[in-house]
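Here the structure comes first, spelled out in structure tokens, and everything after it is commentary.
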Amino acid sequence: MPATDPRKHPRRVSRRVFLERAGWAGAGAAALASGIPIRRAGAQQVANYPDWIPASTKPPKRGGVLTRASQWDPPMIDPRLTQSVGTFQFVGLTSNRLVRYSFSDEAANPSDLNLRGDLAESWTASPDQRVWTFKLRPGVKWHNLPPVNGRELTSADIKYCFEAYAKEGVQTLTFQEIEAAETPDKYTVRVHLKTPNALFAHNLAEPIAVIFAKEVLEEDGDLKKRLIGTGPYMMKEHTRKVRVVLQRHPDYFDKGRPYIDEYIILSTPDAATRLAAFRTGQSDFIWLASPSEVETARKTNPNALVQSFHNTLAPWGLALAQDRPPYNDVRVRRAISMAIDRQKQVDTVFEGHGIPGWGVPYIYYQDKAPTLKELGPWWQYRPDEAKKLMAEAGQAKGFETTLFYYEYFPQMTSQVQLVQQDLKKNLNIDIKIQKLDYTTYYGRYVDSKWDGMSWGFQSGHAIGVDERTYQYLHSKSPKNFFRVNDPVIDQLTTKLRQTPDKAEQRALTKKVVEREFDQALRLWMPYDNGFLVFQPHLRNVAAGALRRTDGYGSPTLARAWMDK
Amino acid sequence: MQKYVIRRLLLAVPVLLLSSLIVFGLMRVMPGDALIALMGESGNVGQKELAKLRHDLGLDKPYHEQYLIWLWQLVSFQPGDSIFTNEPIVVSLGKAIPVTVELAALAMVIGLVIAVPIGVISATRQDKPADYIGRVVAVSGLSIPDFWLGTLVITFAAIWVHWIPPIGYVSFWESPTRNLQQFLLPAAVLGFRLSAATMRMTRSTVLETLREDYVRTAWAKGLAGRIVVYKHALKNALIPVVTIIGGQLGVLLAGTVVVEQIFALPGMGRLTVEAILYRDYPVVQTNVMLVATTLVTLNLLVDLTYAWLDPRIRYQ
């Protein structure tokens with residue numbers, strides 16, 4: 001028996017014990033308050049959610065109002081001047097492209113990246129891949145709104161848009177490739193490219209390459225006030241920071257579609273409010289980042305449909321100023337890569353539901369997502385070998401550097417700090433972190449004159465392989481933010497553009513990726529997979545790879561319907 | 001009194017000029033500009049194109065010239081257009097101000113409804129359970145941040161009663177019921193925080209007043225407790241409370257930024273935060289000047305209210 005009976009002489013609580021208990025109590029209360037289960041929903045539960053929701057076999061029902069609480073507010077509606085997801089969460093519904101990717105009721109799985117006609121019925125390329133001919137669908141009507149008043153779309157409209165995109169705005173890179181555009185007849189557009197590009201049609205299928213009404217640009221000087229297209233929905237209202245209301249286009253060329261009468265996007269910047277809106281039925285679908293958030297939502301909405309979204313690439317990675325020392329030495333880049341424990345980030349930051357990180361969508365070169373092991377030797381966590389490489393590169397003592405980033409999502413800060421810890425512990429690289437606001441970060445990053453490190457990105461809208469390879473990796477491309485300057489990559493990405501055969505394209509893409517991994521050109525970081533959660537009455541809403549239904553993949557809602 | 005008001009108004013001019021210089025300077029010191037933000041993550045931001053746009057918007061002019069142009073626009077009540085949206089700033093403000101004013105007014109009312117009775121009860125039952133409860137409420141109001149309370153309220157409302165305020169702002173004139181549904185919870189969150197300081201001040205001043213000779217005389221005359229407290233003590237106790245309320249206007253405006261974000265209300269807070277993030281210079285500058293002018297005016301009004309509440313106060 002102890003000398004003093006604790007029941008008779010209650011133990012005095014020391015300051016340290018008090019603080020510790022208070023800390024636990026606070027954390028418990030916070031978790032309780034936010035509805036987050038204290039015990040984490042394990043990764044094993046993730047396996048219960050399918051990565052694809054097949055199209056409904058029932059006959060679709062007409063009518064209903066689809067509502068979504070959205071984190072994004074459109075900065076503006078002019079598709080020439082922005083490629084913000086806030087704008088393209090609905091522009092793909094008011095406007096069409098020449099060609100598009102499969103909608104969810106046409107695709108067999110999320111990786112279906114076959115091109116289909118949108119405004120174009122058919123398209124062909126010349127053998128040298130320089131002349132592209134598009135045959136337009138006859139009878140396509142603009143929205144019945146002034147100044148177009150429902151007139152028929154013609155090839156002149158397409159030519160006008162292409163020329164306007166080339167002239168100014170954020171899509172000049174794609175459209176300045178065009179040497180000349182001809183309109184031999186009302187329904188034919190012939191495009192002559194400056195250089196061969198077998199992937200040109202894919203670039204036109206990007207969600208941002210929409211066709212707008214020339215009369216609006218001519219009358220207003222920009223497209224900031226009116227958005228008139230040929231798409232399944234017409235813009236009924238756009239009140240900044242409040243809502244966007246889309247109304248069914250009765251003369252849409254795809255007869256009988258769309259099925260839903262109205263789509264309302266409610267500007268809701270706060271994540272907790274979006275979740276609350278979903279729980280109370282004010283929002284029909286929501287994006288959730290982690291398994292525990294899904295479990296939380298399903299406690300109040302057990303019948304919700306969940307699609308486990310598997311990313312095919314990581315949009316963010318550690319960018320090094322590789323055009324100057326010490327990062328121009330491949331040994332330093334490889335050492336840094338090997339000193340970072342990516343699996344730890346997946347397990348802790350993303351609760352096991354993440355990818356280790358790569359930049360080119362794997363669906364363009366292999367069928368299954370690569371494992372960490374498959375990324376090659378320099379991507380494994382091997383701190384001892386990393387130290388040796390650093391010593392060989394004359395950097396045994398480490399060095400001081402800076403890393404600037406913008407917190408796109410809260411987990412990113414944890415990732416940045418884990419990288420800082422790993423590099424300090426393993427290579428004695430002392431990183432001073434600078435957390436910046438978006439505009440400062442973006443301005444500095446794209447200026448490409450920064451020193452040290454940055455948490456680099458590639459833009460979110462792109463689906464096509466040309467955008468993900470040539471446009472982000474070629475040394476002469478203005479989108480080469482990671483400052484890659486590798487002659488082998490230049491040669492491979494250029495050749496890829498000239499190769500029409502799909503099997504050869506896959507082989508070439510694989511070579512590009514292998515080269516990138518080997519040279520540690522862009523140090524991709526783990527990324528969240530996430531989930532799309534739908535109210536149980538929604539049909540045909542599944543998200544395809546690289547095109548989330550709530551974002552750039554919104555055009556698929558032209559086929560959605562409500563089973564109630 | 002007239003001289004005092006004129007002197008205060010004249011003193012407001014350098015204060016506002018200094019504010020305009022500070023906000024103009026800070027916006028120019030911040031790295032990046034609206035055009036960079038405007039172009040988004042495209043990578044196609046050509047330097048030539050940027051230079052042309054900067055020229056079109058007058059952003060390539062020397063700073064002193066830009067400042068004077070803006071100042072002239074401001075005093076002539078034509079603050080220009082947003083760089084980002086092209087919308088006239090007057091129109092943006094016309095949409096945002098009613099939202100923030102409604103939120104702030106409701107929060108103020110709720111804050112006072114909570115604060116004054118609890119403060120009085122706390123004072124009249126000093127060191128009794130009711131007093132302790134009142135003080136705990138006050139300390140909670142001071143220490144719980146708006147963002148936490150707002151998140152908590154909206155989450156629990158969704159889980160327990162399966163209801164949250166309807167998202168998508170509707171004006172009072174369009175639908176009074178829907179509008180009040182949208183505003184009551186955020187105003188309560190903001191009002192709870194506001195009530196804390198007022199509650200503490202009410203308690204302390206009522207306690208002090210209750211010890212005054214004239215209150216003792218009132219008790220000695222055999223007046224009912226309610227009459228003594230509410231008719232004799234409370235009116236005099238409220239003068240410092242008015243000071244507190246005036247001082248809280250800044251806290252209130254800061255609070256609306258967070259609460260508008262959580263409850264998706266398109267007020268001044270969201271407008272300003274978005275403009276700062278996008279470096280929309282004219283919008284930020286105009287909003288800050290509007291807030292500065294409002295604060296200067298309200299402080300003057302609060303000072304003038306003292307004289308009305310307490311006839312012994314004279315301004316010279």
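We label chains A, B, ... in the order they appear in the structure tokens, count residues from 1 in each chain, and number ligands from 1 in the order shown.
Interface residues of chain A facing chain B, defined by any atom at most 6 Å away and using only C-alpha atoms, are Ala33, Thr82, Val170, Lys241, Val242, Leu266, Thr268, Asp270, Ala276, Thr280, Thr439, Thr440, Gly443, Pro478 and Lys479 of chain A.
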Write the residues of the selection above to a file with C-alpha atoms, as a PDB file, in the first residue's frame.
ATOM      1  CA  ALA A  33     -17.856  21.571 -31.282  1.00  0.00           C
ATOM      2  CA  THR A  82      -9.284  34.841 -66.310  1.00  0.00           C
ATOM      3  CA  VAL A 170      -4.749  34.590 -70.474  1.00  0.00           C
ATOM      4  CA  LYS A 241     -20.385  37.588 -53.553  1.00  0.00           C
ATOM      5  CA  VAL A 242     -24.002  36.387 -53.423  1.00  0.00           C
ATOM      6  CA  LEU A 266     -24.234  30.408 -53.717  1.00  0.00           C
ATOM      7  CA  THR A 268     -20.081  30.639 -49.418  1.00  0.00           C
ATOM      8  CA  ASP A 270     -16.456  29.498 -45.156  1.00  0.00           C
ATOM      9  CA  ALA A 276     -23.703  23.017 -42.733  1.00  0.00           C
ATOM     10  CA  THR A 280     -29.386  21.006 -44.076  1.00  0.00           C
ATOM     11  CA  THR A 439      -1.204  38.254 -55.079  1.00  0.00           C
ATOM     12  CA  THR A 440       2.283  38.683 -53.635  1.00  0.00           C
ATOM     13  CA  GLY A 443       3.406  37.875 -58.727  1.00  0.00           C
ATOM     14  CA  PRO A 478       6.035  30.987 -70.594  1.00  0.00           C
ATOM     15  CA  LYS A 479       4.331  28.513 -68.274  1.00  0.00           C
TER      16      LYS A 479
END
Apply DSSP to the backbone of this structure and, from range 123-165 of chain A, keep only the residues in helix (DSSP H, G or I); write these as a list in words. Ser155, Ala156, Asp157, Ile158, Lys159, Tyr160, Cys161, Phe162, Glu163, Ala164 and Tyr165 of chain A
Distance table requested - range 192-261 of chain B against range 306-316 of chain B, cut-off 9 Å, only C-alpha atoms: one row per qualifying residue with the closest atom pair and its distance in Å to one decimal, ordered by chain and rising residue number, as a tab-separated table.
residue	atom	partner	partner_atom	distance
B:Lys235	CA	B:Leu309	CA	8.2
B:Asn236	CA	B:Asp310	CA	7.8
B:Leu238	CA	B:Leu309	CA	8.5
B:Ile239	CA	B:Tyr306	CA	6.5
B:Pro240	CA	B:Tyr306	CA	8.8
B:Val242	CA	B:Tyr306	CA	7.9
B:Thr243	CA	B:Tyr306	CA	8.3
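CA of Ala108 in chain A sits 28.3 Å away from CA of Thr133 in chain A.
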What's the 10 Å shell around Val116 in chain B, counting only C-alpha atoms, without same-chain residues fewer than 6 positions away, as a PyMOL selection string? chain B and resi 122+195+198-203+234+238+241
How would the residues just chosen look if you wrote them out with C-alpha atoms as an mmCIF file, in the first residue's frame?
data_model
loop_
_atom_site.group_PDB
_atom_site.id
_atom_site.type_symbol
_atom_site.label_atom_id
_atom_site.label_comp_id
_atom_site.auth_asym_id
_atom_site.auth_seq_id
_atom_site.Cartn_x
_atom_site.Cartn_y
_atom_site.Cartn_z
ATOM 1 C CA SER B 122 -24.917 41.528 -11.701
ATOM 2 C CA SER B 195 -22.148 42.832 -24.992
ATOM 3 C CA THR B 198 -20.752 46.868 -22.083
ATOM 4 C CA MET B 199 -21.938 44.359 -19.497
ATOM 5 C CA ARG B 200 -18.794 44.792 -17.403
ATOM 6 C CA MET B 201 -18.986 48.560 -17.644
ATOM 7 C CA THR B 202 -22.703 48.593 -16.747
ATOM 8 C CA ARG B 203 -22.034 46.434 -13.706
ATOM 9 C CA LEU B 234 -29.259 53.543 -14.189
ATOM 10 C CA LEU B 238 -25.223 54.895 -18.498
ATOM 11 C CA VAL B 241 -21.562 52.991 -21.011
#
Selection near range 289-302 of chain B, 9 Å with only C-alpha atoms, sequence-local residues under 3 positions removed, as a CSV table (one decimal) with N, CA and C atoms, in the first residue's frame:
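Now in result.csv:
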chain,number,residue,atom,x,y,z
B,5,VAL,N,-17.9,72.1,-32.0
B,5,VAL,CA,-18.2,71.2,-33.2
B,5,VAL,C,-17.4,71.6,-34.4
B,8,ARG,N,-13.8,70.5,-33.8
B,8,ARG,CA,-13.6,69.1,-34.0
B,8,ARG,C,-13.7,68.7,-35.5
B,9,LEU,N,-14.6,69.4,-36.2
B,9,LEU,CA,-14.7,69.1,-37.7
B,9,LEU,C,-13.4,69.5,-38.4
B,12,ALA,N,-10.7,67.1,-37.8
B,12,ALA,CA,-10.9,65.8,-38.6
B,12,ALA,C,-10.2,65.8,-39.9
B,15,VAL,N,-6.7,64.5,-39.8
B,15,VAL,CA,-6.8,63.0,-39.4
B,15,VAL,C,-7.1,62.2,-40.7
B,16,LEU,N,-8.1,62.7,-41.5
B,16,LEU,CA,-8.5,62.0,-42.7
B,16,LEU,C,-7.5,62.1,-43.7
B,19,SER,N,-4.9,59.6,-42.8
B,19,SER,CA,-5.4,58.2,-43.1
B,19,SER,C,-5.3,58.0,-44.6
B,20,SER,N,-5.7,59.0,-45.4
B,20,SER,CA,-5.6,58.7,-46.9
B,20,SER,C,-4.2,58.5,-47.3
B,23,VAL,N,-3.2,54.8,-46.2
B,23,VAL,CA,-3.8,53.7,-46.9
B,23,VAL,C,-3.2,53.7,-48.4
B,74,LEU,N,-12.2,61.5,-54.7
B,74,LEU,CA,-12.8,61.3,-53.4
B,74,LEU,C,-13.6,62.5,-53.0
B,242,VAL,N,-22.1,54.7,-22.6
B,242,VAL,CA,-22.2,55.3,-23.9
B,242,VAL,C,-20.8,55.4,-24.5
B,243,THR,N,-19.8,55.8,-23.7
B,243,THR,CA,-18.4,55.9,-24.1
B,243,THR,C,-18.0,54.6,-24.7
B,245,ILE,N,-19.7,52.1,-25.8
B,245,ILE,CA,-20.4,51.7,-27.0
B,245,ILE,C,-19.7,52.5,-28.2
B,246,GLY,N,-19.5,53.8,-28.0
B,246,GLY,CA,-18.8,54.5,-29.1
B,246,GLY,C,-17.5,53.9,-29.4
B,247,GLY,N,-16.7,53.5,-28.4
B,247,GLY,CA,-15.4,52.9,-28.6
B,247,GLY,C,-15.5,51.5,-29.3
B,249,LEU,N,-17.3,50.7,-31.7
B,249,LEU,CA,-17.7,50.7,-33.2
B,249,LEU,C,-16.6,50.1,-34.0
B,250,GLY,N,-15.4,50.4,-33.7
B,250,GLY,CA,-14.2,49.9,-34.4
B,250,GLY,C,-14.2,48.4,-34.3
B,253,LEU,N,-16.9,46.9,-36.5
B,253,LEU,CA,-16.6,46.9,-37.9
B,253,LEU,C,-15.6,45.8,-38.2
B,284,VAL,N,-10.1,49.6,-52.1
B,284,VAL,CA,-9.6,49.5,-50.7
B,284,VAL,C,-9.5,51.0,-50.2
B,285,GLN,N,-8.9,51.8,-51.0
B,285,GLN,CA,-8.7,53.2,-50.5
B,285,GLN,C,-10.0,53.9,-50.1
B,286,THR,N,-11.0,53.7,-51.0
B,286,THR,CA,-12.3,54.3,-50.7
B,286,THR,C,-13.0,53.7,-49.5
B,305,THR,N,-23.2,63.4,-27.4
B,305,THR,CA,-24.3,62.7,-26.6
B,305,THR,C,-24.1,62.8,-25.1
B,306,TYR,N,-22.8,62.9,-24.7
B,306,TYR,CA,-22.5,63.1,-23.2
B,306,TYR,C,-23.3,64.3,-22.7
Would you kindly return, as a PDB file with C-alpha atoms, in the first residue's frame, each protein, DNA or RNA residue with an atom no farther than 8 Å from any atom of range 55-65 of chain A, considering only C-alpha atoms and excluding same-chain residues fewer than 5 positions away?
ATOM      1  CA  SER A 104     -20.179  11.360 -66.827  1.00  0.00           C
ATOM      2  CA  ASP A 105     -23.120   9.560 -68.460  1.00  0.00           C
ATOM      3  CA  GLU A 106     -20.962   8.797 -71.518  1.00  0.00           C
ATOM      4  CA  TYR A 259     -32.839  18.174 -67.473  1.00  0.00           C
ATOM      5  CA  ILE A 260     -32.540  20.550 -64.508  1.00  0.00           C
ATOM      6  CA  ASP A 261     -34.355  23.891 -64.771  1.00  0.00           C
ATOM      7  CA  GLU A 262     -32.050  26.053 -62.698  1.00  0.00           C
ATOM      8  CA  TYR A 263     -28.594  25.828 -61.222  1.00  0.00           C
ATOM      9  CA  ILE A 264     -27.868  28.211 -58.359  1.00  0.00           C
ATOM     10  CA  ARG A 539     -27.937  11.391 -60.920  1.00  0.00           C
ATOM     11  CA  ASN A 540     -25.191  11.550 -63.584  1.00  0.00           C
ATOM     12  CA  TRP A 561     -30.952  15.121 -63.212  1.00  0.00           C
ATOM     13  CA  MET A 562     -32.757  14.905 -59.920  1.00  0.00           C
ATOM     14  CA  ASP A 563     -34.477  11.666 -58.935  1.00  0.00           C
TER      15      ASP A 563
END
Distance query range 455-460 of chain A at most 6 Å, only C-alpha atoms, self and fewer than 5 positions along chain excluded, as a short mmCIF file (atom, residue, chain, number, x, y, z; two decimals) with C-alpha atoms, in the first residue's frame:
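Below you can see result.cif, which holds the result:
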data_model
loop_
_atom_site.label_atom_id
_atom_site.label_comp_id
_atom_site.auth_asym_id
_atom_site.auth_seq_id
_atom_site.Cartn_x
_atom_site.Cartn_y
_atom_site.Cartn_z
CA PRO A 315 -0.64 20.42 -58.56
CA TRP A 316 1.97 21.56 -56.03
CA GLY A 317 5.59 20.75 -55.49
CA LEU A 318 8.84 22.13 -54.21
CA ALA A 319 10.21 24.44 -56.92
CA TYR A 405 4.33 29.99 -50.46
#
Excluding range 374-381 of chain A and any residue of its chain fewer than 6 positions from it, enumerate the residues within 12 Å of it, using only C-alpha atoms, and give them as a short mmCIF file (atom, residue, chain, number, x, y, z; two decimals) with C-alpha atoms, in the first residue's frame.
data_model
loop_
_atom_site.label_atom_id
_atom_site.label_comp_id
_atom_site.auth_asym_id
_atom_site.auth_seq_id
_atom_site.Cartn_x
_atom_site.Cartn_y
_atom_site.Cartn_z
CA VAL A 330 21.37 17.57 -60.09
CA ARG A 331 22.99 15.94 -57.04
CA VAL A 332 21.60 18.69 -54.79
CA ARG A 333 18.12 18.33 -56.28
CA ARG A 334 18.20 14.57 -55.87
CA ALA A 335 19.50 14.87 -52.30
CA ILE A 336 16.72 17.28 -51.38
CA SER A 337 14.16 14.94 -52.89
CA MET A 338 15.54 11.96 -50.95
CA ALA A 339 15.62 13.89 -47.68
CA ILE A 340 11.87 14.52 -47.75
CA ASP A 341 9.64 11.89 -46.21
CA ARG A 342 6.62 11.99 -48.55
CA GLN A 343 4.93 8.97 -47.03
CA LYS A 344 4.86 10.74 -43.66
CA GLN A 345 2.99 13.62 -45.29
CA ILE A 355 -0.89 10.52 -53.48
CA PRO A 356 2.88 10.81 -53.04
CA GLY A 357 3.04 13.35 -55.88
CA TRP A 358 3.88 13.52 -59.58
CA GLY A 359 3.24 16.24 -62.15
CA TYR A 362 -0.44 9.13 -64.98
CA GLN A 366 0.04 4.05 -67.62
CA LYS A 368 -2.64 2.57 -62.61
CA LYS A 387 23.77 13.28 -47.15
CA LEU A 389 25.08 13.19 -52.43
CA VAL A 419 9.70 19.78 -45.49
CA ASP A 422 13.15 17.11 -42.90
CA LEU A 423 15.69 19.26 -44.72
CA ASN A 426 18.74 15.44 -42.75
CA LYS A 510 6.38 7.97 -70.13
CA VAL A 513 8.06 11.56 -66.86
CA GLU A 514 11.03 9.23 -66.35
CA ARG A 515 13.40 12.00 -67.34
CA GLU A 516 11.68 14.41 -64.98
CA PHE A 517 11.92 11.96 -62.08
CA ASP A 518 15.53 11.08 -62.83
CA GLN A 519 16.69 14.68 -63.01
CA ALA A 520 14.51 15.73 -60.04
CA LEU A 521 13.34 18.69 -62.11
CA ARG A 522 10.16 19.33 -60.17
CA LEU A 523 9.91 17.95 -56.65
CA TRP A 524 6.23 17.10 -56.45
CA MET A 525 4.71 16.91 -53.03
CA PRO A 526 1.91 14.68 -51.75
#
Counting only C-alpha atoms, the residue among A:Gln322, A:Ser454, A:Ser292, A:Thr154 that lies closest to Asn485 in chain A is A:Gln322
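CA of Phe134 in chain A sits 5.8 Å away from CA of Thr188 in chain A.
Going from CA of Glu163 in chain A over to CA of Trp132 in chain A, you cover 15.6 Å.
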